[in-house]
>>> print(open('protein-v8.cif').read())   # mmCIF, N, CA and C atoms
data_my_file
loop_
_atom_site.label_atom_id
_atom_site.label_comp_id
_atom_site.auth_asym_id
_atom_site.auth_seq_id
_atom_site.Cartn_x
_atom_site.Cartn_y
_atom_site.Cartn_z
N MET A 649 64.99 91.90 82.98
CA MET A 649 65.33 93.05 82.16
C MET A 649 66.56 93.72 82.77
N LEU A 650 67.62 93.81 81.99
CA LEU A 650 68.86 94.40 82.46
C LEU A 650 68.90 95.91 82.28
N GLY A 651 68.23 96.40 81.29
CA GLY A 651 68.24 97.84 81.04
C GLY A 651 67.69 98.15 79.67
N THR A 652 67.37 99.41 79.47
CA THR A 652 66.81 99.87 78.21
C THR A 652 67.70 100.98 77.67
N TYR A 653 67.87 101.00 76.36
CA TYR A 653 68.57 102.10 75.71
C TYR A 653 67.81 102.45 74.44
N PHE A 654 68.08 103.63 73.94
CA PHE A 654 67.39 104.10 72.74
C PHE A 654 68.39 104.22 71.61
N THR A 655 67.96 103.82 70.43
CA THR A 655 68.86 103.82 69.29
C THR A 655 68.18 104.46 68.08
N GLY A 656 69.00 104.97 67.19
CA GLY A 656 68.49 105.54 65.95
C GLY A 656 67.81 106.88 66.13
N HIS A 657 67.50 107.52 65.01
CA HIS A 657 66.87 108.84 65.05
C HIS A 657 65.42 108.77 65.51
N LYS A 658 64.82 107.58 65.48
CA LYS A 658 63.44 107.43 65.93
C LYS A 658 63.36 107.07 67.42
N HIS A 659 64.52 106.96 68.04
CA HIS A 659 64.61 106.63 69.47
C HIS A 659 63.82 105.37 69.81
N VAL A 660 64.16 104.31 69.10
CA VAL A 660 63.52 103.02 69.33
C VAL A 660 64.12 102.42 70.62
N ALA A 661 63.24 102.00 71.52
CA ALA A 661 63.70 101.40 72.77
C ALA A 661 64.17 99.97 72.53
N LYS A 662 65.35 99.65 73.04
CA LYS A 662 65.91 98.30 72.94
C LYS A 662 66.28 97.85 74.35
N GLN A 663 66.25 96.55 74.55
CA GLN A 663 66.64 95.97 75.84
C GLN A 663 68.09 95.47 75.78
N VAL A 664 68.85 95.73 76.83
CA VAL A 664 70.18 95.14 76.94
C VAL A 664 69.97 93.67 77.30
N THR A 665 70.61 92.80 76.54
CA THR A 665 70.45 91.36 76.78
C THR A 665 71.73 90.77 77.36
N VAL A 666 71.62 89.58 77.88
CA VAL A 666 72.79 88.86 78.38
C VAL A 666 73.78 88.65 77.24
N THR A 667 73.27 88.37 76.05
CA THR A 667 74.14 88.19 74.88
C THR A 667 74.91 89.48 74.58
N ASP A 668 74.25 90.64 74.69
CA ASP A 668 74.93 91.93 74.47
C ASP A 668 76.11 92.08 75.44
N ILE A 669 75.87 91.76 76.68
CA ILE A 669 76.91 91.90 77.71
C ILE A 669 78.05 90.93 77.45
N THR A 670 77.72 89.68 77.16
CA THR A 670 78.75 88.68 76.90
C THR A 670 79.59 89.06 75.68
N THR A 671 78.94 89.49 74.62
CA THR A 671 79.67 89.90 73.41
C THR A 671 80.61 91.05 73.71
N THR A 672 80.14 92.04 74.46
CA THR A 672 80.97 93.19 74.81
C THR A 672 82.16 92.77 75.66
N LEU A 673 81.92 91.89 76.63
CA LEU A 673 83.02 91.42 77.48
C LEU A 673 84.06 90.66 76.67
N LYS A 674 83.62 89.77 75.78
CA LYS A 674 84.55 88.99 74.95
C LYS A 674 85.37 89.91 74.05
N ASN A 675 84.73 90.90 73.46
CA ASN A 675 85.45 91.85 72.61
C ASN A 675 86.46 92.65 73.43
N THR A 676 86.09 93.03 74.62
CA THR A 676 86.98 93.81 75.48
C THR A 676 88.21 93.01 75.87
N VAL A 677 88.02 91.74 76.20
CA VAL A 677 89.15 90.87 76.54
C VAL A 677 90.13 90.80 75.37
N GLN A 678 89.61 90.69 74.17
CA GLN A 678 90.47 90.61 72.99
C GLN A 678 91.18 91.93 72.74
N VAL A 679 90.46 93.04 72.80
CA VAL A 679 91.05 94.36 72.54
C VAL A 679 92.14 94.68 73.56
N LEU A 680 91.91 94.33 74.82
CA LEU A 680 92.89 94.62 75.87
C LEU A 680 94.06 93.65 75.89
N GLY A 681 93.98 92.58 75.10
CA GLY A 681 95.07 91.61 75.04
C GLY A 681 95.26 90.85 76.34
N LEU A 682 94.17 90.50 76.99
CA LEU A 682 94.26 89.85 78.29
C LEU A 682 94.73 88.41 78.22
N SER A 683 94.95 87.89 77.01
CA SER A 683 95.47 86.53 76.89
C SER A 683 96.84 86.43 77.55
N ARG A 684 97.55 87.54 77.65
CA ARG A 684 98.86 87.52 78.32
C ARG A 684 98.72 87.22 79.82
N TYR A 685 97.50 87.34 80.33
CA TYR A 685 97.21 87.00 81.73
C TYR A 685 96.37 85.72 81.82
N ASN A 686 96.43 84.93 80.76
CA ASN A 686 95.68 83.67 80.68
C ASN A 686 94.17 83.87 80.75
N ILE A 687 93.69 85.00 80.24
CA ILE A 687 92.25 85.25 80.15
C ILE A 687 91.92 85.38 78.68
N THR A 688 91.11 84.48 78.17
CA THR A 688 90.75 84.49 76.76
C THR A 688 89.26 84.78 76.62
N PRO A 689 88.82 85.21 75.44
CA PRO A 689 87.39 85.44 75.24
C PRO A 689 86.53 84.21 75.56
N ALA A 690 87.07 83.02 75.34
CA ALA A 690 86.32 81.80 75.63
C ALA A 690 86.06 81.63 77.13
N ASP A 691 86.88 82.28 77.97
CA ASP A 691 86.75 82.17 79.42
C ASP A 691 85.69 83.11 79.99
N ILE A 692 85.19 84.03 79.16
CA ILE A 692 84.37 85.13 79.66
C ILE A 692 82.92 85.00 79.23
N SER A 693 82.03 85.36 80.15
CA SER A 693 80.60 85.47 79.85
C SER A 693 80.02 86.49 80.81
N SER A 694 78.73 86.74 80.69
CA SER A 694 78.11 87.70 81.61
C SER A 694 78.21 87.21 83.05
N HIS A 695 78.28 85.90 83.23
CA HIS A 695 78.43 85.35 84.58
C HIS A 695 79.77 85.76 85.20
N SER A 696 80.75 86.10 84.36
CA SER A 696 82.05 86.54 84.85
C SER A 696 81.94 87.77 85.73
N LEU A 697 80.93 88.60 85.46
CA LEU A 697 80.74 89.79 86.29
C LEU A 697 80.37 89.40 87.72
N ARG A 698 79.58 88.38 87.85
CA ARG A 698 79.18 87.92 89.18
C ARG A 698 80.38 87.32 89.91
N ALA A 699 81.14 86.48 89.21
CA ALA A 699 82.33 85.89 89.81
C ALA A 699 83.38 86.96 90.11
N GLY A 700 83.52 87.91 89.18
CA GLY A 700 84.48 89.00 89.38
C GLY A 700 84.09 89.89 90.56
N GLY A 701 82.79 90.09 90.73
CA GLY A 701 82.32 90.87 91.87
C GLY A 701 82.65 90.17 93.18
N ALA A 702 82.48 88.85 93.21
CA ALA A 702 82.83 88.07 94.41
C ALA A 702 84.31 88.20 94.71
N MET A 703 85.14 88.15 93.65
CA MET A 703 86.59 88.27 93.83
C MET A 703 86.96 89.66 94.32
N ALA A 704 86.35 90.69 93.76
CA ALA A 704 86.65 92.06 94.19
C ALA A 704 86.29 92.26 95.67
N LEU A 705 85.15 91.72 96.07
CA LEU A 705 84.76 91.81 97.48
C LEU A 705 85.75 91.06 98.36
N HIS A 706 86.17 89.88 97.91
CA HIS A 706 87.14 89.08 98.66
C HIS A 706 88.45 89.84 98.84
N LEU A 707 88.95 90.42 97.74
CA LEU A 707 90.20 91.19 97.81
C LEU A 707 90.05 92.43 98.67
N GLY A 708 88.82 92.93 98.78
CA GLY A 708 88.55 94.09 99.62
C GLY A 708 88.38 93.72 101.09
N GLY A 709 88.55 92.44 101.41
CA GLY A 709 88.47 92.02 102.79
C GLY A 709 87.07 91.76 103.31
N VAL A 710 86.10 91.66 102.41
CA VAL A 710 84.72 91.40 102.82
C VAL A 710 84.61 89.93 103.24
N PRO A 711 84.01 89.65 104.39
CA PRO A 711 83.88 88.26 104.85
C PRO A 711 83.07 87.41 103.87
N ALA A 712 83.42 86.12 103.81
CA ALA A 712 82.79 85.20 102.87
C ALA A 712 81.27 85.14 103.04
N HIS A 713 80.78 85.17 104.25
CA HIS A 713 79.33 85.09 104.44
C HIS A 713 78.62 86.32 103.88
N THR A 714 79.29 87.48 103.92
CA THR A 714 78.71 88.70 103.35
C THR A 714 78.70 88.63 101.82
N ILE A 715 79.79 88.10 101.24
CA ILE A 715 79.85 87.93 99.78
C ILE A 715 78.73 87.01 99.33
N LYS A 716 78.50 85.96 100.09
CA LYS A 716 77.46 85.00 99.74
C LYS A 716 76.08 85.67 99.73
N ILE A 717 75.83 86.51 100.73
CA ILE A 717 74.54 87.20 100.81
C ILE A 717 74.39 88.22 99.69
N LEU A 718 75.43 89.05 99.49
CA LEU A 718 75.37 90.10 98.46
C LEU A 718 75.20 89.53 97.05
N GLY A 719 75.86 88.40 96.80
CA GLY A 719 75.78 87.78 95.47
C GLY A 719 74.61 86.85 95.30
N ARG A 720 73.80 86.74 96.34
CA ARG A 720 72.65 85.83 96.32
C ARG A 720 73.08 84.41 95.95
N TRP A 721 74.26 84.00 96.46
CA TRP A 721 74.74 82.65 96.23
C TRP A 721 73.98 81.73 97.18
N SER A 722 73.41 80.65 96.66
CA SER A 722 72.66 79.72 97.50
C SER A 722 73.56 78.64 98.08
N SER A 723 74.81 78.59 97.62
CA SER A 723 75.77 77.61 98.13
C SER A 723 77.13 78.30 98.26
N ASP A 724 78.14 77.54 98.55
CA ASP A 724 79.49 78.09 98.65
C ASP A 724 80.23 78.06 97.31
N THR A 725 79.49 77.96 96.21
CA THR A 725 80.08 77.89 94.87
C THR A 725 80.98 79.08 94.58
N PHE A 726 80.64 80.25 95.09
CA PHE A 726 81.45 81.45 94.83
C PHE A 726 82.89 81.27 95.28
N LEU A 727 83.12 80.41 96.27
CA LEU A 727 84.49 80.16 96.74
C LEU A 727 85.33 79.52 95.64
N LEU A 728 84.69 78.71 94.79
CA LEU A 728 85.40 78.11 93.66
C LEU A 728 85.82 79.18 92.66
N TYR A 729 84.94 80.15 92.41
CA TYR A 729 85.27 81.23 91.48
C TYR A 729 86.44 82.06 91.99
N ILE A 730 86.45 82.32 93.27
CA ILE A 730 87.55 83.09 93.86
C ILE A 730 88.86 82.32 93.67
N GLN A 731 88.86 81.02 93.95
CA GLN A 731 90.06 80.20 93.80
C GLN A 731 90.53 80.17 92.35
N GLU A 732 89.59 80.00 91.40
CA GLU A 732 89.96 79.94 89.99
C GLU A 732 90.61 81.25 89.54
N GLN A 733 90.09 82.38 90.00
CA GLN A 733 90.64 83.66 89.59
C GLN A 733 92.04 83.87 90.18
N ILE A 734 92.23 83.47 91.42
CA ILE A 734 93.55 83.59 92.03
C ILE A 734 94.55 82.75 91.25
N THR A 735 94.16 81.54 90.87
CA THR A 735 95.02 80.67 90.07
C THR A 735 95.35 81.32 88.74
N GLY A 736 94.37 81.92 88.08
CA GLY A 736 94.60 82.59 86.79
C GLY A 736 95.55 83.78 86.93
N PHE A 737 95.37 84.57 87.97
CA PHE A 737 96.23 85.73 88.17
C PHE A 737 97.66 85.34 88.49
N SER A 738 97.84 84.22 89.16
CA SER A 738 99.18 83.83 89.58
C SER A 738 99.89 82.92 88.59
N ALA A 739 99.22 82.56 87.50
CA ALA A 739 99.85 81.69 86.50
C ALA A 739 101.10 82.35 85.94
N GLY A 740 102.20 81.61 85.95
CA GLY A 740 103.46 82.12 85.43
C GLY A 740 104.22 83.01 86.39
N LEU A 741 103.66 83.24 87.56
CA LEU A 741 104.31 84.13 88.52
C LEU A 741 105.65 83.58 88.99
N SER A 742 105.73 82.28 89.24
CA SER A 742 107.00 81.71 89.70
C SER A 742 108.08 81.83 88.63
N THR A 743 107.69 81.72 87.36
CA THR A 743 108.66 81.88 86.27
C THR A 743 109.18 83.32 86.24
N GLN A 744 108.27 84.28 86.40
CA GLN A 744 108.68 85.68 86.43
C GLN A 744 109.61 85.95 87.61
N MET A 745 109.28 85.38 88.75
CA MET A 745 110.09 85.60 89.94
C MET A 745 111.48 85.00 89.77
N SER A 746 111.57 83.82 89.16
CA SER A 746 112.87 83.17 89.01
C SER A 746 113.73 83.81 87.93
N SER A 747 113.10 84.56 87.02
CA SER A 747 113.88 85.21 85.96
C SER A 747 114.41 86.57 86.39
N THR A 748 113.95 87.08 87.53
CA THR A 748 114.42 88.36 88.04
C THR A 748 115.68 88.11 88.85
N PRO A 749 116.78 88.84 88.54
CA PRO A 749 118.01 88.63 89.30
C PRO A 749 117.80 88.96 90.78
N LEU A 750 118.31 88.08 91.62
CA LEU A 750 118.22 88.31 93.05
C LEU A 750 119.26 89.32 93.49
N THR A 751 118.91 90.15 94.43
CA THR A 751 119.89 91.08 95.00
C THR A 751 120.11 90.68 96.45
N LEU A 752 121.29 90.88 96.91
CA LEU A 752 121.65 90.50 98.27
C LEU A 752 121.63 91.72 99.15
N ASN A 753 121.00 91.63 100.27
CA ASN A 753 120.94 92.72 101.22
C ASN A 753 122.34 92.97 101.77
N ALA A 754 122.78 94.22 101.75
CA ALA A 754 124.12 94.58 102.21
C ALA A 754 124.34 94.20 103.67
N ALA A 755 123.31 94.19 104.47
CA ALA A 755 123.44 93.84 105.88
C ALA A 755 123.76 92.36 106.06
N ILE A 756 123.45 91.54 105.08
CA ILE A 756 123.69 90.10 105.18
C ILE A 756 125.09 89.74 104.69
N LYS A 757 125.67 90.55 103.81
CA LYS A 757 126.97 90.22 103.22
C LYS A 757 128.06 89.95 104.25
N PRO A 758 128.22 90.75 105.30
CA PRO A 758 129.28 90.45 106.26
C PRO A 758 129.12 89.06 106.88
N THR A 759 127.90 88.66 107.16
CA THR A 759 127.65 87.34 107.73
C THR A 759 128.05 86.25 106.75
N LEU A 760 127.72 86.45 105.48
CA LEU A 760 128.06 85.47 104.47
C LEU A 760 129.59 85.36 104.33
N ARG A 761 130.28 86.47 104.41
CA ARG A 761 131.74 86.44 104.30
C ARG A 761 132.33 85.63 105.46
N LEU A 762 131.81 85.80 106.64
CA LEU A 762 132.30 85.07 107.79
C LEU A 762 132.08 83.57 107.61
N LEU A 763 130.95 83.21 107.07
CA LEU A 763 130.64 81.79 106.89
C LEU A 763 131.48 81.16 105.80
N THR A 764 131.89 81.93 104.80
CA THR A 764 132.66 81.36 103.69
C THR A 764 134.15 81.51 103.89
N SER A 765 134.59 82.22 104.91
CA SER A 765 136.03 82.42 105.14
C SER A 765 136.67 81.20 105.73
#
>>> encode(input="protein-v8.cif", output="structure tokens")
Amino acid sequence: MLGTYFTGHKHVAKQVTVTDITTTLKNTVQVLGLSRYNITPADISSHSLRAGGAMALHLGGVPAHTIKILGRWSSDTFLLYIQEQITGFSAGLSTQMSSTPLTLNAAIKPTLRLLTS
């Protein structure tokens, strides 16, 4: 049981289901336009929260063995999720970097002039 909420004027108790969470996550991905970051609704499910939590802990500097314990991972599978997310976040990064004009540090220019003279 993930949680209970009440709906309607009769305050009928309903259970939050995995399907409710997955549907909400998929809709959120679409509304936020995350496809520009290579994240599509098809990539998301309620399990994404578990993988995302592992990634957040990793980025926060939490040791891998602690992430494994906190996430109740029985194997090192969470390491694959971390790698996949890093790959997704960095997709297209080299293209963006190469399209940005390079600037030359003024301290280096005199050296370059000497080498080209």
>>> residues_around(input="protein-v8.cif", residues="A:Gly651", least_positions_apart="5", cutoff="7 Å", atoms="all atoms listed in the file", output="MDAnalysis selection string")
chainID A and resid 662:665
>>> atom_distance(input="protein-v8.cif", atom1="atom CA of A:Thr667", atom2="atom CA of A:Ser694")
7.8 Å
>>> atom_distance(input="protein-v8.cif", atom1="atom N of A:Thr670", atom2="atom CA of A:Ser693")
5.8 Å
>>> atom_distance(input="protein-v8.cif", atom1="atom CA of A:Ala704", atom2="atom CA of A:Ile730")
9.0 Å
